[in-house]
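K.L.:
This is the structure I have questions about; it appears just below.
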Amino acid sequence: MSQTPADPEARRAAFADLASGTIFVALAAGLAVAHFAQGGRLHADFGAEPGPALLPRILLLVLGVAGALLILRSMIVLRRSREGWHALRRETARLRGSDKDDLVQVLLALALLALFQPVRGVIGAAAALCLLGAALAMLTARGEARSGLRARARPAIEGALIALVLFALFRFVLGVPLR
């Protein structure tokens, strides 16, 4: 008897792990290319004491390894399940309506994140982060049934305030120049 149940929820979790792992590995690879293409002091040779130059490399490695482990776990689960890879083909061919909505939400969030850099150059980091925080909070609260203007505006206000607090924390407490 298999340790992994053959029910649809277990397979769905395995598919989610496969998708997440693939995104993590692709993101780590893309960020690594962007990171190592940059010049400057961050890539100088500091010998035995790399200092803060080592942190981006560690984070990229952790992101890539986490993605690879998610992919490996999903492959093990799918291989142990009765239907295995045939179920993967069927599931991806037949997305339900809620799955399509989830995919649209993820793509909208990625588009918002991609817009951050150009908007930041025009209106500044603090204002761009507030707009991004408000937009992402409204996107995540989209499915909630709320009535009234105040109830619908609440996620946007909360998202903007959280982004502003994070900006202040990084800019003024930690001294990270976010311009």
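Here, A, B, ... name the chains of the structure tokens in the order displayed, residue numbers run from 1 inside each chain, and ligands are numbered from 1 in the same displayed order.
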Which residues, written as a ChimeraX atom specification, have at least one atom at most 12 Å from Leu31 of chain A, with only C-alpha atoms counted and residues fewer than 6 positions away on the same chain left out?

P.N.:
/A:23-25,37-38,56-57,59-61,63-64

K.L.:
Could you tell me how far atom CA of His35 of chain A sits from atom CA of Leu129 of chain A, in Å to one decimal place?

P.N.:
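Interatomic distance, atom CA of Leu129 of chain A to atom CA of His35 of chain A: 21.9 Å.
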
K.L.:
Go ahead and compute the interatomic distance for atom CA of Gly67 of chain A and atom CA of Leu103 of chain A, in Å to one decimal.

P.N.:
19.0 Å

K.L.:
As a list in words, please: the residues near Ala156 of chain A (cut-off 6 Å, only C-alpha atoms, same-chain neighbours under 6 positions excluded).

P.N.:
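Skipping anything fewer than 6 positions along the chain leaves Ala134, Ala137 and Met138 of chain A.
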
K.L.:
If we count only C-alpha atoms and set the cut-off at 6 Å, which residues sit around segment 11-22 of chain A, ignoring sequence neighbours fewer than 5 positions away in its own chain? Please answer as an MDAnalysis selection string.

P.N.:
chainID A and resid 67:68 70:71 74

K.L.:
Put those residues in a file: C-alpha atoms, as a PDB file, in the first residue's frame.

P.N.:
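What follows is the written file part.pdb:
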```pdb
ATOM      1  CA  GLY A  67      12.640  25.096  -5.262  1.00  0.00           C
ATOM      2  CA  ALA A  68      14.593  21.989  -6.171  1.00  0.00           C
ATOM      3  CA  LEU A  70       9.794  21.121  -3.762  1.00  0.00           C
ATOM      4  CA  ILE A  71      10.179  19.696  -7.264  1.00  0.00           C
ATOM      5  CA  SER A  74       6.330  16.509  -5.860  1.00  0.00           C
TER       6      SER A  74
END
```

K.L.:
Grab the atom CA of Ile162 of chain A to atom CA of Cys130 of chain A distance for me, in Å with one decimal place.

P.N.:
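Interatomic distance, atom CA of Ile162 of chain A to atom CA of Cys130 of chain A: 8.0 Å.
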
K.L.:
Please identify all polymer residues within 12 Å of Gly159 of chain A, counting only C-alpha atoms, omitting same-chain residues fewer than 4 positions from it, and present them as a PyMOL selection string.

P.N.:
chain A and resi 129-141+153-155+163-166

K.L.:
Can you spit out the residues from that selection as a compact mmCIF listing (two decimals), in the first residue's frame, using all heavy atoms?

P.N.:
```
# COMPACT_ATOMS: atom_id res chain seq x y z
N LEU A 129 5.85 51.99 -3.08
CA LEU A 129 5.58 50.88 -2.16
C LEU A 129 4.17 50.97 -1.58
O LEU A 129 3.51 49.94 -1.41
CB LEU A 129 6.61 50.86 -1.04
CG LEU A 129 7.95 50.24 -1.39
CD1 LEU A 129 8.96 50.46 -0.28
CD2 LEU A 129 7.81 48.76 -1.68
N CYS A 130 3.71 52.18 -1.27
CA CYS A 130 2.34 52.34 -0.77
C CYS A 130 1.32 51.90 -1.83
O CYS A 130 0.36 51.20 -1.51
CB CYS A 130 2.09 53.79 -0.36
SG CYS A 130 2.85 54.20 1.21
N LEU A 131 1.54 52.30 -3.07
CA LEU A 131 0.63 51.89 -4.14
C LEU A 131 0.68 50.38 -4.35
O LEU A 131 -0.36 49.73 -4.52
CB LEU A 131 0.99 52.61 -5.45
CG LEU A 131 0.61 54.08 -5.53
CD1 LEU A 131 1.14 54.68 -6.83
CD2 LEU A 131 -0.90 54.24 -5.45
N LEU A 132 1.87 49.81 -4.33
CA LEU A 132 2.02 48.37 -4.51
C LEU A 132 1.35 47.61 -3.36
O LEU A 132 0.64 46.64 -3.58
CB LEU A 132 3.49 47.99 -4.61
CG LEU A 132 3.79 46.50 -4.75
CD1 LEU A 132 3.27 45.97 -6.07
CD2 LEU A 132 5.28 46.24 -4.61
N GLY A 133 1.58 48.07 -2.13
CA GLY A 133 0.96 47.42 -0.98
C GLY A 133 -0.55 47.49 -1.04
O GLY A 133 -1.25 46.50 -0.77
N ALA A 134 -1.08 48.65 -1.42
CA ALA A 134 -2.53 48.80 -1.53
C ALA A 134 -3.10 47.90 -2.63
O ALA A 134 -4.11 47.23 -2.43
CB ALA A 134 -2.88 50.26 -1.80
N ALA A 135 -2.43 47.88 -3.77
CA ALA A 135 -2.92 47.07 -4.89
C ALA A 135 -2.86 45.58 -4.56
O ALA A 135 -3.81 44.83 -4.86
CB ALA A 135 -2.10 47.37 -6.15
N LEU A 136 -1.78 45.12 -3.94
CA LEU A 136 -1.67 43.71 -3.59
C LEU A 136 -2.69 43.32 -2.52
O LEU A 136 -3.27 42.24 -2.56
CB LEU A 136 -0.26 43.37 -3.13
CG LEU A 136 0.80 43.32 -4.22
CD1 LEU A 136 2.18 43.11 -3.62
CD2 LEU A 136 0.49 42.26 -5.25
N ALA A 137 -2.93 44.20 -1.55
CA ALA A 137 -3.93 43.92 -0.52
C ALA A 137 -5.33 43.85 -1.12
O ALA A 137 -6.13 42.99 -0.75
CB ALA A 137 -3.87 44.97 0.58
N MET A 138 -5.63 44.75 -2.05
CA MET A 138 -6.95 44.71 -2.71
C MET A 138 -7.08 43.45 -3.56
O MET A 138 -8.17 42.87 -3.63
CB MET A 138 -7.13 45.96 -3.57
CG MET A 138 -7.36 47.21 -2.76
SD MET A 138 -7.43 48.70 -3.75
CE MET A 138 -8.80 48.38 -4.81
N LEU A 139 -6.01 43.04 -4.18
CA LEU A 139 -6.03 41.83 -5.00
C LEU A 139 -6.30 40.59 -4.15
O LEU A 139 -7.09 39.73 -4.54
CB LEU A 139 -4.71 41.69 -5.76
CG LEU A 139 -4.60 40.55 -6.75
CD1 LEU A 139 -5.59 40.74 -7.89
CD2 LEU A 139 -3.18 40.49 -7.30
N THR A 140 -5.66 40.51 -3.00
CA THR A 140 -5.87 39.34 -2.15
C THR A 140 -7.24 39.35 -1.47
O THR A 140 -7.79 38.30 -1.17
CB THR A 140 -4.78 39.22 -1.07
OG1 THR A 140 -4.75 40.42 -0.31
CG2 THR A 140 -3.44 38.96 -1.69
N ALA A 141 -7.80 40.54 -1.25
CA ALA A 141 -9.12 40.63 -0.61
C ALA A 141 -10.25 40.63 -1.62
O ALA A 141 -11.41 40.79 -1.25
CB ALA A 141 -9.18 41.89 0.24
N ALA A 153 -12.49 49.68 0.98
CA ALA A 153 -11.26 50.47 0.98
C ALA A 153 -10.30 50.04 2.09
O ALA A 153 -9.12 50.36 2.03
CB ALA A 153 -11.59 51.94 1.14
N ARG A 154 -10.80 49.31 3.06
CA ARG A 154 -9.98 48.92 4.20
C ARG A 154 -8.73 48.13 3.81
O ARG A 154 -7.63 48.43 4.29
CB ARG A 154 -10.81 48.15 5.21
CG ARG A 154 -10.07 47.81 6.45
CD ARG A 154 -10.95 47.16 7.45
NE ARG A 154 -10.16 46.81 8.62
CZ ARG A 154 -10.62 46.19 9.65
NH1 ARG A 154 -11.90 45.86 9.69
NH2 ARG A 154 -9.86 45.90 10.65
N PRO A 155 -8.82 47.11 2.94
CA PRO A 155 -7.58 46.40 2.55
C PRO A 155 -6.56 47.31 1.88
O PRO A 155 -5.35 47.15 2.12
CB PRO A 155 -8.06 45.32 1.58
CG PRO A 155 -9.50 45.15 1.84
CD PRO A 155 -9.99 46.48 2.34
N ALA A 163 3.05 48.79 3.93
CA ALA A 163 4.17 49.11 3.05
C ALA A 163 4.93 50.33 3.56
O ALA A 163 6.17 50.35 3.53
CB ALA A 163 3.66 49.35 1.63
N LEU A 164 4.21 51.33 4.06
CA LEU A 164 4.85 52.53 4.58
C LEU A 164 5.67 52.21 5.83
O LEU A 164 6.79 52.71 6.00
CB LEU A 164 3.80 53.60 4.88
CG LEU A 164 4.31 54.99 5.16
CD1 LEU A 164 5.10 55.51 3.97
CD2 LEU A 164 3.16 55.92 5.47
N VAL A 165 5.13 51.37 6.71
CA VAL A 165 5.87 50.97 7.91
C VAL A 165 7.13 50.19 7.53
O VAL A 165 8.21 50.42 8.09
CB VAL A 165 4.96 50.14 8.86
CG1 VAL A 165 5.76 49.45 9.93
CG2 VAL A 165 3.90 51.04 9.47
N LEU A 166 7.01 49.28 6.56
CA LEU A 166 8.18 48.53 6.11
C LEU A 166 9.22 49.45 5.47
O LEU A 166 10.43 49.29 5.68
CB LEU A 166 7.78 47.42 5.14
CG LEU A 166 7.05 46.25 5.78
CD1 LEU A 166 6.56 45.28 4.70
CD2 LEU A 166 7.95 45.52 6.76
```

K.L.:
In terms of the shortest atom-to-atom distance over only C-alpha atoms, which of A:Leu54, A:Leu78, A:Leu169, A:Leu110 is closest to Leu27 of chain A?

P.N.:
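Smallest distance to Leu27 of chain A is found for A:Leu110.
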